file start_2.txt (compact mmCIF, C-alpha atoms)
# COMPACT_ATOMS: atom_id res chain seq x y z
CA LEU A 1 6.13 12.24 -15.80
CA ARG A 2 9.88 11.62 -15.96
CA ARG A 3 10.36 13.66 -12.78
CA CYS A 4 7.64 11.82 -10.79
CA LEU A 5 9.85 9.07 -9.40
CA VAL A 6 13.02 11.10 -8.95
CA SER A 7 12.94 10.41 -5.18
CA VAL A 8 13.05 6.64 -5.69
CA ASP A 9 16.45 5.12 -4.85
CA MET A 10 16.78 2.94 -7.98
CA ARG A 11 20.38 2.12 -7.08
CA LEU A 12 19.29 0.41 -3.85
CA LEU A 13 16.42 -1.37 -5.62
CA GLU A 14 18.73 -2.79 -8.28
CA LYS A 15 21.31 -3.75 -5.64
CA SER A 16 18.66 -5.53 -3.55
CA PHE A 17 17.52 -7.47 -6.62
CA GLN A 18 21.04 -8.41 -7.75
CA GLU A 19 21.73 -9.82 -4.28
CA ILE A 20 18.87 -12.33 -4.57
CA ARG A 21 18.71 -12.83 -8.33
CA ARG A 22 20.91 -15.94 -8.45
CA THR A 23 19.01 -17.58 -5.56
CA LEU A 24 15.65 -16.94 -7.20
CA GLN A 25 16.63 -17.91 -10.73
CA THR A 26 18.34 -21.10 -9.54
CA LYS A 27 15.08 -22.29 -7.97
CA ASP A 28 13.10 -21.44 -11.14
CA THR A 29 12.64 -24.73 -12.96
CA PHE A 30 10.62 -23.39 -15.91
CA LYS A 31 13.54 -21.89 -17.79
CA ASN A 32 11.89 -21.59 -21.22
CA VAL A 33 8.80 -19.80 -19.91
CA THR A 34 8.64 -16.04 -19.27
CA ILE A 35 6.08 -13.77 -17.64
CA LEU A 36 7.41 -10.26 -18.20
CA SER A 37 8.90 -10.78 -21.66
CA THR A 38 6.14 -8.68 -23.17
CA LEU A 39 7.67 -5.68 -21.42
CA GLU A 40 10.77 -5.94 -23.54
CA ASN A 41 8.85 -5.46 -26.75
CA LEU A 42 6.90 -2.52 -25.32
CA ARG A 43 9.41 -0.07 -26.71
CA SER A 44 6.71 1.19 -29.00
CA ILE A 45 4.45 2.07 -26.07
CA LYS A 46 3.49 5.69 -26.18
CA PRO A 47 4.74 8.02 -23.39
CA VAL A 48 1.13 8.70 -22.45
CA ASP A 49 0.75 4.99 -21.55
CA VAL A 50 3.92 4.69 -19.48
CA CYS A 51 2.14 5.72 -16.29
CA CYS A 52 -0.62 3.13 -16.78
CA VAL A 53 1.78 0.25 -17.49
CA THR A 54 4.00 1.19 -14.55
CA ASN A 55 1.04 1.47 -12.20
CA ASN A 56 -0.48 -1.80 -13.42
CA LEU A 57 2.79 -3.64 -12.88
CA LEU A 58 3.31 -2.16 -9.43
CA THR A 59 -0.17 -3.48 -8.59
CA PHE A 60 0.68 -6.86 -10.15
CA TYR A 61 3.71 -7.23 -7.86
CA ARG A 62 1.91 -5.79 -4.85
CA ASP A 63 -1.26 -7.90 -5.06
CA ARG A 64 0.05 -11.13 -6.56
CA VAL A 65 3.80 -11.73 -6.69
CA PHE A 66 4.93 -10.60 -3.23
CA LYS A 67 1.92 -12.31 -1.60
CA ASP A 68 2.19 -15.58 -3.53
CA HIS A 69 5.91 -16.07 -2.95
CA GLN A 70 6.91 -18.45 -0.16
CA GLU A 71 10.42 -17.77 1.11
CA THR A 72 12.52 -19.47 3.78
CA SER A 73 15.76 -17.52 3.50
CA LEU A 74 15.78 -14.55 5.84
CA GLU A 75 18.20 -12.64 3.62
CA VAL A 76 15.86 -13.04 0.65
CA VAL A 77 12.85 -12.05 2.80
CA ARG A 78 14.60 -8.84 3.83
CA ARG A 79 15.45 -7.87 0.27
CA ILE A 80 11.98 -8.66 -1.04
CA SER A 81 10.63 -6.49 1.79
CA ARG A 82 12.90 -3.64 0.64
CA ILE A 83 11.59 -3.96 -2.92
CA ALA A 84 7.94 -4.35 -1.87
CA ASN A 85 8.03 -1.29 0.38
CA SER A 86 9.88 0.74 -2.25
CA PHE A 87 7.22 -0.24 -4.80
CA LEU A 88 4.53 0.86 -2.33
CA HIS A 89 6.21 4.26 -1.95
CA MET A 90 6.68 4.45 -5.72
CA GLN A 91 3.00 3.80 -6.35
CA LYS A 92 1.92 6.47 -3.85
CA THR A 93 4.40 8.94 -5.34
CA LEU A 94 3.18 8.17 -8.87
CA GLU A 95 -0.47 8.59 -7.90
CA GLN A 96 0.21 11.93 -6.19
CA CYS A 97 2.32 13.11 -9.11
CA VAL A 98 -0.02 12.33 -12.01
CA HIS A 99 -3.33 12.75 -10.16
CA ARG A 100 -5.89 11.25 -12.57
CA GLN A 101 -3.86 11.57 -15.75
CA CYS A 102 -2.85 7.90 -15.74
CA HIS A 103 -4.49 7.11 -19.06
CA CYS A 104 -4.76 3.44 -20.11
CA SER A 105 -4.94 2.74 -23.85
CA GLN A 106 -6.06 -0.63 -25.22
CA GLU A 107 -2.44 -1.47 -25.97
CA ALA A 108 -1.36 -0.81 -22.39
CA THR A 109 -4.28 -2.83 -21.03
CA ASN A 110 -3.45 -5.71 -23.37
CA ALA A 111 0.18 -5.71 -22.28
CA THR A 112 -0.84 -5.97 -18.64
CA ARG A 113 -3.39 -8.69 -19.40
CA THR A 114 -0.73 -10.72 -21.21
CA ILE A 115 1.45 -10.60 -18.11
CA HIS A 116 -1.43 -11.80 -15.93
CA ASP A 117 -2.23 -14.53 -18.46
CA ASN A 118 1.38 -15.68 -18.44
CA TYR A 119 1.25 -15.72 -14.65
CA ASN A 120 -1.90 -17.81 -14.64
CA GLN A 121 -0.31 -20.45 -16.88
CA LEU A 122 1.97 -21.55 -14.05
CA GLU A 123 1.29 -22.95 -10.62
CA VAL A 124 1.13 -19.92 -8.33
CA SER A 125 4.36 -20.33 -6.35
CA SER A 126 6.30 -21.04 -9.56
CA ALA A 127 4.74 -18.01 -11.21
CA ALA A 128 5.63 -15.79 -8.23
CA LEU A 129 9.19 -17.12 -8.17
CA LYS A 130 9.64 -16.49 -11.90
CA SER A 131 8.16 -12.98 -11.66
CA LEU A 132 10.59 -12.13 -8.87
CA GLY A 133 13.45 -13.50 -10.96
CA GLU A 134 12.37 -11.24 -13.83
CA LEU A 135 12.29 -8.06 -11.71
CA ASN A 136 15.29 -6.81 -13.68
CA ILE A 137 13.01 -6.40 -16.73
CA PHE A 138 10.59 -4.22 -14.76
CA LEU A 139 13.35 -2.24 -13.04
CA ALA A 140 14.92 -1.56 -16.45
CA TRP A 141 11.51 -0.38 -17.68
CA ILE A 142 11.23 2.04 -14.75
CA ASP A 143 14.78 3.27 -15.30
CA ARG A 144 14.11 3.82 -19.00
CA ASN A 145 10.81 5.62 -18.51
CA HIS A 146 11.00 7.36 -15.15
CA GLN A 147 14.51 8.36 -14.30
CA GLU A 148 16.19 11.47 -15.58
CA THR A 149 18.91 10.54 -18.04
CA SER A 150 21.51 12.20 -15.79
CA ALA A 151 20.46 10.23 -12.67
CA THR A 152 23.45 8.43 -11.12
CA ASP B 153 3.36 -20.27 32.10
CA GLY B 154 7.13 -20.47 32.72
CA ALA B 155 7.93 -19.14 29.29
CA THR B 156 6.74 -15.53 29.74
CA ILE B 157 7.67 -14.23 33.17
CA LEU B 158 10.22 -11.70 31.96
CA PRO B 159 8.93 -8.11 31.92
CA ALA B 160 8.72 -6.48 28.50
CA PRO B 161 11.32 -3.79 27.69
CA GLN B 162 10.03 -0.30 28.56
CA ASN B 163 10.48 3.13 26.98
CA PHE B 164 10.91 1.66 23.53
CA SER B 165 11.62 4.59 21.20
CA VAL B 166 13.41 5.61 18.01
CA ARG B 167 15.83 8.42 17.38
CA SER B 168 16.85 9.31 13.81
CA THR B 169 19.50 11.80 12.76
CA ASN B 170 20.90 12.26 9.24
CA MET B 171 19.23 9.08 8.01
CA LYS B 172 20.73 6.93 10.79
CA HIS B 173 17.89 5.29 12.67
CA LEU B 174 18.42 3.98 16.21
CA LEU B 175 15.96 2.10 18.42
CA MET B 176 16.39 2.30 22.22
CA TRP B 177 14.78 0.69 25.26
CA ASN B 178 15.25 0.33 29.00
CA PRO B 179 17.10 -2.74 30.30
CA VAL B 180 15.28 -5.79 31.64
CA THR B 181 17.43 -6.81 34.60
CA GLN B 182 17.82 -10.26 36.10
CA PRO B 183 20.54 -10.33 38.79
CA GLY B 184 23.63 -12.17 37.62
CA GLU B 185 22.09 -12.99 34.25
CA THR B 186 22.56 -11.73 30.69
CA VAL B 187 19.30 -10.82 29.04
CA PHE B 188 19.10 -10.83 25.24
CA TYR B 189 16.77 -8.78 23.08
CA PHE B 190 15.14 -9.56 19.75
CA VAL B 191 14.05 -6.76 17.42
CA GLN B 192 11.62 -7.28 14.51
CA TYR B 193 10.15 -4.93 11.93
CA GLN B 194 7.30 -4.64 9.45
CA GLY B 195 7.30 -2.23 6.54
CA GLU B 196 4.04 -0.73 5.41
CA TYR B 197 3.78 -3.45 2.76
CA GLU B 198 3.87 -6.19 5.39
CA SER B 199 1.50 -4.41 7.73
CA LEU B 200 -1.04 -3.77 4.94
CA TYR B 201 -0.81 -7.00 2.91
CA MET B 202 0.91 -9.64 5.07
CA SER B 203 0.26 -8.51 8.64
CA HIS B 204 1.30 -11.86 10.14
CA ILE B 205 4.84 -11.29 8.81
CA TRP B 206 7.44 -9.75 11.13
CA ILE B 207 11.06 -9.68 9.93
CA PRO B 208 13.98 -10.07 12.37
CA SER B 209 16.16 -6.96 12.19
CA SER B 210 19.46 -7.49 10.43
CA GLN B 211 21.56 -6.20 13.36
CA CYS B 212 19.75 -7.16 16.56
CA SER B 213 18.23 -10.58 16.54
CA PRO B 214 19.55 -11.16 19.10
CA THR B 215 21.56 -8.46 20.88
CA LYS B 216 22.73 -7.85 24.45
CA GLY B 217 22.71 -4.10 23.93
CA LEU B 218 19.96 -1.56 24.65
CA GLU B 219 20.11 -0.02 21.19
CA CYS B 220 19.55 -1.25 17.66
CA ASP B 221 20.70 0.39 14.43
CA VAL B 222 17.88 -0.27 11.95
CA THR B 223 19.23 1.96 9.18
CA ASP B 224 19.72 -1.02 6.84
CA ASP B 225 16.21 -2.28 7.56
CA VAL B 226 14.42 1.01 6.86
CA THR B 227 15.11 1.35 3.14
CA ALA B 228 11.86 2.84 1.83
CA THR B 229 10.07 6.08 2.67
CA VAL B 230 7.03 4.36 4.17
CA PRO B 231 5.98 3.81 7.81
CA TYR B 232 7.71 0.94 9.64
CA ASN B 233 6.48 -0.85 12.77
CA PHE B 234 9.04 -2.18 15.25
CA ARG B 235 8.83 -4.46 18.28
CA VAL B 236 11.34 -5.76 20.84
CA MET B 237 11.25 -8.72 23.18
CA ALA B 238 13.54 -9.77 26.06
CA MET B 239 14.80 -13.37 26.36
CA LEU B 240 16.70 -15.26 29.05
CA GLY B 241 17.18 -18.93 28.36
CA SER B 242 13.69 -20.33 27.77
CA GLN B 243 12.06 -17.31 29.35
CA SER B 244 10.78 -14.59 27.02
CA SER B 245 8.86 -11.39 27.62
CA ALA B 246 5.87 -10.04 25.78
CA TRP B 247 6.59 -7.82 22.79
CA SER B 248 6.95 -4.08 23.28
CA ASN B 249 5.74 -2.21 20.20
CA LEU B 250 6.89 1.21 19.04
CA GLU B 251 4.14 3.64 19.97
CA HIS B 252 3.95 5.13 16.47
CA PRO B 253 5.18 3.75 13.14
CA PHE B 254 8.47 5.33 12.08
CA ASN B 255 8.97 6.95 8.66
CA ARG B 256 12.48 7.95 7.68
CA ASN B 257 11.21 11.23 6.28
CA ALA B 258 11.05 12.34 9.94
CA THR B 259 14.80 12.09 10.38
CA VAL B 260 16.54 15.16 11.82
CA LEU B 261 18.84 16.73 9.23
CA THR B 262 21.69 18.76 10.73
CA PRO B 263 23.71 21.41 8.88
CA PRO B 264 26.76 19.60 7.46
CA ARG B 265 30.20 20.11 8.96
CA MET B 266 32.65 21.45 6.42
CA GLU B 267 36.26 22.54 6.17
CA VAL B 268 37.12 25.51 3.95
CA THR B 269 40.76 25.91 2.96
CA GLU B 270 42.89 27.75 0.44
CA HIS B 271 45.23 25.67 -1.66
CA GLY B 272 47.48 28.18 -3.31
CA LEU B 273 45.08 30.32 -5.33
CA HIS B 274 42.19 27.90 -4.91
CA LEU B 275 39.20 27.98 -2.56
CA VAL B 276 38.50 24.37 -1.54
CA VAL B 277 35.71 22.88 0.59
CA GLU B 278 35.52 19.41 2.11
CA LEU B 279 32.18 18.26 3.50
CA GLU B 280 31.24 15.70 6.12
CA ASP B 281 30.57 12.22 4.70
CA LEU B 282 26.96 11.46 5.65
CA GLY B 283 26.46 8.44 3.42
CA PRO B 284 25.23 7.67 -0.11
CA GLN B 285 21.79 9.22 0.34
CA PHE B 286 23.25 12.72 0.78
CA GLU B 287 24.09 15.51 -1.67
CA PHE B 288 25.14 19.02 -0.67
CA LEU B 289 24.29 22.51 -1.85
CA VAL B 290 27.36 24.73 -1.43
CA VAL B 291 26.91 28.51 -1.64
CA TYR B 292 29.96 30.82 -1.78
CA TRP B 293 30.61 34.50 -2.33
CA ARG B 294 33.21 37.26 -2.18
CA MET B 295 32.90 39.41 0.96
CA GLU B 296 32.37 42.72 -0.83
CA PRO B 297 29.40 44.99 -1.57
CA GLY B 298 27.10 43.68 -4.28
CA ALA B 299 28.75 40.28 -4.28
CA VAL B 300 26.82 37.56 -6.10
CA GLU B 301 26.24 34.21 -4.40
CA ARG B 302 27.39 31.20 -6.42
CA VAL B 303 26.01 27.70 -6.01
CA LYS B 304 27.52 24.27 -6.54
CA VAL B 305 25.86 20.84 -5.96
CA VAL B 306 28.30 18.35 -4.47
CA ARG B 307 27.29 14.74 -4.96
CA SER B 308 29.11 13.24 -1.96
CA GLY B 309 31.06 14.23 1.14
CA ASP B 310 34.64 13.43 2.08
CA ILE B 311 36.10 14.65 -1.24
CA PRO B 312 37.78 18.09 -1.51
CA VAL B 313 35.90 20.25 -4.01
CA HIS B 314 37.42 23.22 -5.81
CA LEU B 315 35.08 26.19 -5.70
CA GLU B 316 36.97 29.10 -7.23
CA THR B 317 40.31 30.63 -8.02
CA MET B 318 40.77 33.41 -5.50
CA ASP B 319 42.03 36.95 -5.85
CA PRO B 320 44.68 37.94 -3.30
CA GLY B 321 43.48 40.07 -0.39
CA VAL B 322 39.78 39.19 -0.92
CA MET B 323 37.70 37.41 1.74
CA TYR B 324 35.62 34.48 0.51
CA CYS B 325 32.72 32.95 2.47
CA VAL B 326 31.12 29.52 2.14
CA LYS B 327 28.02 27.85 3.59
CA ALA B 328 26.40 24.47 2.85
CA GLN B 329 23.22 22.45 3.39
CA ALA B 330 22.57 18.73 3.11
CA LEU B 331 19.99 17.39 0.62
CA VAL B 332 18.29 13.96 0.74
CA LYS B 333 16.42 13.24 -2.48
CA THR B 334 14.79 10.03 -1.29
CA ILE B 335 12.83 11.91 1.38
CA GLY B 336 12.66 15.22 -0.50
CA ARG B 337 14.11 17.29 2.36
CA HIS B 338 17.19 19.39 3.20
CA SER B 339 18.95 20.63 6.33
CA ALA B 340 19.42 24.23 7.42
CA PHE B 341 22.53 25.99 6.13
CA SER B 342 25.71 25.74 8.13
CA GLN B 343 27.21 28.89 9.59
CA PRO B 344 29.32 30.65 6.90
CA THR B 345 33.06 30.03 7.04
CA CYS B 346 35.26 32.75 5.56
CA VAL B 347 38.87 32.66 4.42
CA GLU B 348 41.13 35.27 2.93
CA MET B 349 43.99 34.56 0.58
CA GLN B 350 47.17 36.19 1.85
CA GLY B 351 48.95 38.82 -0.27
CA GLU B 352 47.92 42.35 -1.37
CA SER B 353 45.06 42.97 -3.64
CA LEU B 354 46.27 43.97 -7.09
CA PRO B 355 46.22 47.75 -7.95
CA LEU B 356 43.37 48.68 -10.28

call {"tool": "encode", "arguments": {"input": "start_2.txt", "output": "structure tokens"}}
result
Amino acid sequence: LRRCLVSVDMRLLEKSFQEIRRTLQTKDTFKNVTILSTLENLRSIKPVDVCCVTNNLLTFYRDRVFKDHQETSLEVVRRISRIANSFLHMQKTLEQCVHRQCHCSQEATNATRTIHDNYNQLEVSSAALKSLGELNIFLAWIDRNHQETSAT
Amino acid sequence: DGATILPAPQNFSVRSTNMKHLLMWNPVTQPGETVFYFVQYQGEYESLYMSHIWIPSSQCSPTKGLECDVTDDVTATVPYNFRVMAMLGSQSSAWSNLEHPFNRNATVLTPPRMEVTEHGLHLVVELEDLGPQFEFLVVYWRMEPGAVERVKVVRSGDIPVHLETMDPGVMYCVKAQALVKTIGRHSAFSQPTCVEMQGESLPL
């Protein structure tokens, strides 16, 4: 599984996020609320579930976050487009790579549900803004679980 | 309607070489006037999930030229739609759309240019700098019967790379190909370049 996403340019993804992170997080007024925090304590998730969690989160961003976010800055729009299209490519690559071996345990399903529940607690544009501002958590998850340790 | 009497740009096409992507179109001419062009794009995400969204290209919104470098806009290996419009004052043309979506995995990869030199006893190669997406596979061998080919992966161009310490009087040959991980493709090999270190070969 670790080799599935080797063609993804993580460096560009992280750069695109860093360039808009301050703008996004400045506009986020719900500082003491988090949506993706559950990902940080998923260290115990079994390797067999990594594919499911990754795929579920790519779908979360694809179907909810990128659609719900309203953006006026053209520079931010361009970078979100980079990330959204890279996620689309990543999801296709993942699906082709693992075929139907993307097993979802109860734990993985619960983790994803928690994220959706957190999202639903907030008004939709605030939730989308916060989820974009927390992309670093998801990108770190992908780096930890999908990139070869020697990747530069 | 006075706003749309300009003709739309014709022959709108894309040419991509070594991950540099260039849009081109024919001029829209208005005697004595300067016509501007606006280029917009949609990645596959936008066309599938937010089809009303078109993003102005980072380099050409507007431009007076007849070309547009969209390399910085095409940053994922998915199909991209492009369109261009001509504008003159309040007059604007209809949009011309690219006939087929463009995917960067269709870029033409050329064999990399390289310079092979001997620095004292050392065989050194310097490769063309093609940008951060490129790595290179360098293959080198001694020009003698039964010689074994050796391989080295070079992470970026423009930096001299030491291949081997040479024996005097022996001919060494080098060839290279460009690799692009993000599209999972590589170029053909370059023509081999051979150099010989001066001086006699040592008696056995």

call {"tool": "atom_distance", "arguments": {"input": "start_2.txt", "atom1": "atom CA of Glu75 of chain A", "atom2": "atom CA of Gln192 of chain B"}}
result
13.8 Å

call {"tool": "axis_aligned_box", "arguments": {"input": "start_2.txt", "around": "segment 118-128 of chain A", "padding_each_side": "8 Å", "output": "JSON"}}
result
{"center_x": 2.2, "center_y": -19.3, "center_z": -12.4, "size_x": 24.2, "size_y": 23.3, "size_z": 28.1}

call {"tool": "residues_around", "arguments": {"input": "start_2.txt", "residues": "segment 71-73 of chain A", "least_positions_apart": "3", "cutoff": "12 Å", "atoms": "all atoms listed in the file", "output": "list of chain:residue names"}}
result
A:Ile20, A:Thr23, A:Leu24, A:Lys27, A:Val65, A:Phe66, A:Lys67, A:Asp68, A:Val76, A:Val77, A:Arg78, A:Arg79, A:Ile80, A:Ser81, A:Ser125, A:Ser126, A:Ala128, A:Leu129, A:Leu132, B:Ile205, B:Ile207, B:Pro208

call {"tool": "atom_distance", "arguments": {"input": "start_2.txt", "atom1": "atom CA of Arg167 of chain B", "atom2": "atom CA of Glu251 of chain B"}}
result
12.9 Å

call {"tool": "closest_atom_pairs", "arguments": {"input": "start_2.txt", "of": "chain B", "to": "chain A", "cutoff": "8 Å", "atoms": "all atoms listed in the file", "output": "JSON lines"}}
result
{"residue": "B:Gly195", "atom": "CA", "partner": "A:Asn85", "partner_atom": "CA", "distance": 6.3}
{"residue": "B:Glu196", "atom": "CA", "partner": "A:Asn85", "partner_atom": "CA", "distance": 6.4}
{"residue": "B:Tyr197", "atom": "CA", "partner": "A:Asn85", "partner_atom": "CA", "distance": 5.3}
{"residue": "B:Glu198", "atom": "CA", "partner": "A:Ser81", "partner_atom": "CA", "distance": 7.7}
{"residue": "B:Tyr201", "atom": "CA", "partner": "A:Lys67", "partner_atom": "CA", "distance": 7.5}
{"residue": "B:Met202", "atom": "CA", "partner": "A:Lys67", "partner_atom": "CA", "distance": 7.3}
{"residue": "B:Ile207", "atom": "CA", "partner": "A:Arg78", "partner_atom": "CA", "distance": 7.1}
{"residue": "B:Asp225", "atom": "CA", "partner": "A:Arg78", "partner_atom": "CA", "distance": 7.7}
{"residue": "B:Val226", "atom": "CA", "partner": "A:Arg82", "partner_atom": "CA", "distance": 7.9}
{"residue": "B:Thr227", "atom": "CA", "partner": "A:Arg82", "partner_atom": "CA", "distance": 6.0}
{"residue": "B:Ala228", "atom": "CA", "partner": "A:Ser86", "partner_atom": "CA", "distance": 5.0}
{"residue": "B:Thr229", "atom": "CA", "partner": "A:His89", "partner_atom": "CA", "distance": 6.3}
{"residue": "B:Val230", "atom": "CA", "partner": "A:His89", "partner_atom": "CA", "distance": 6.2}
{"residue": "B:Lys333", "atom": "CA", "partner": "A:Ser7", "partner_atom": "CA", "distance": 5.2}
{"residue": "B:Thr334", "atom": "CA", "partner": "A:Ser7", "partner_atom": "CA", "distance": 4.3}
{"residue": "B:Ile335", "atom": "CA", "partner": "A:Ser7", "partner_atom": "CA", "distance": 6.7}
{"residue": "B:Gly336", "atom": "CA", "partner": "A:Ser7", "partner_atom": "CA", "distance": 6.7}

call {"tool": "residues_around", "arguments": {"input": "start_2.txt", "residues": "segment 135-139 of chain A", "least_positions_apart": "6", "cutoff": "10 Å", "atoms": "all atoms listed in the file", "output": "PyMOL selection string"}}
result
chain A and resi 10+13-14+17-18+21+36-40+54+57-58+61+83+145

call {"tool": "residues_near_point", "arguments": {"input": "start_2.txt", "point": "(13.1, -13.2, 30.5)", "cutoff": "9 Å", "atoms": "only C-alpha atoms", "output": "PyMOL selection string"}}
result
chain B and resi 155-160+180-182+187-188+237-245

call {"tool": "atom_distance", "arguments": {"input": "start_2.txt", "atom1": "atom CA of Cys325 of chain B", "atom2": "atom CA of Glu270 of chain B"}}
result
11.6 Å

call {"tool": "closest_residue", "arguments": {"input": "start_2.txt", "among": "B:Leu250, B:Leu218, B:Val305, B:Val313", "to": "Leu279 of chain B", "atoms": "all atoms listed in the file"}}
result
B:Val313

call {"tool": "residues_around", "arguments": {"input": "start_2.txt", "residues": "segment 45-50 of chain A", "least_positions_apart": "4", "cutoff": "8 Å", "atoms": "all atoms listed in the file", "output": "ChimeraX atom specification"}}
result
/A:54,102-105,107-108,145

call {"tool": "residues_near_point", "arguments": {"input": "start_2.txt", "point": "(29.0, 8.1, 2.1)", "cutoff": "7 Å", "atoms": "only C-alpha atoms", "output": "ChimeraX atom specification"}}
result
/B:281-284,308-309

call {"tool": "closest_residue", "arguments": {"input": "start_2.txt", "among": "A:His116, A:Lys130, A:His146, A:Arg22", "to": "Phe60 of chain A", "atoms": "all atoms listed in the file"}}
result
A:His116

call {"tool": "closest_residue", "arguments": {"input": "start_2.txt", "among": "B:Leu261, B:Val303, B:Val326, B:Ala340", "to": "Glu278 of chain B", "atoms": "all atoms listed in the file"}}
result
B:Val326
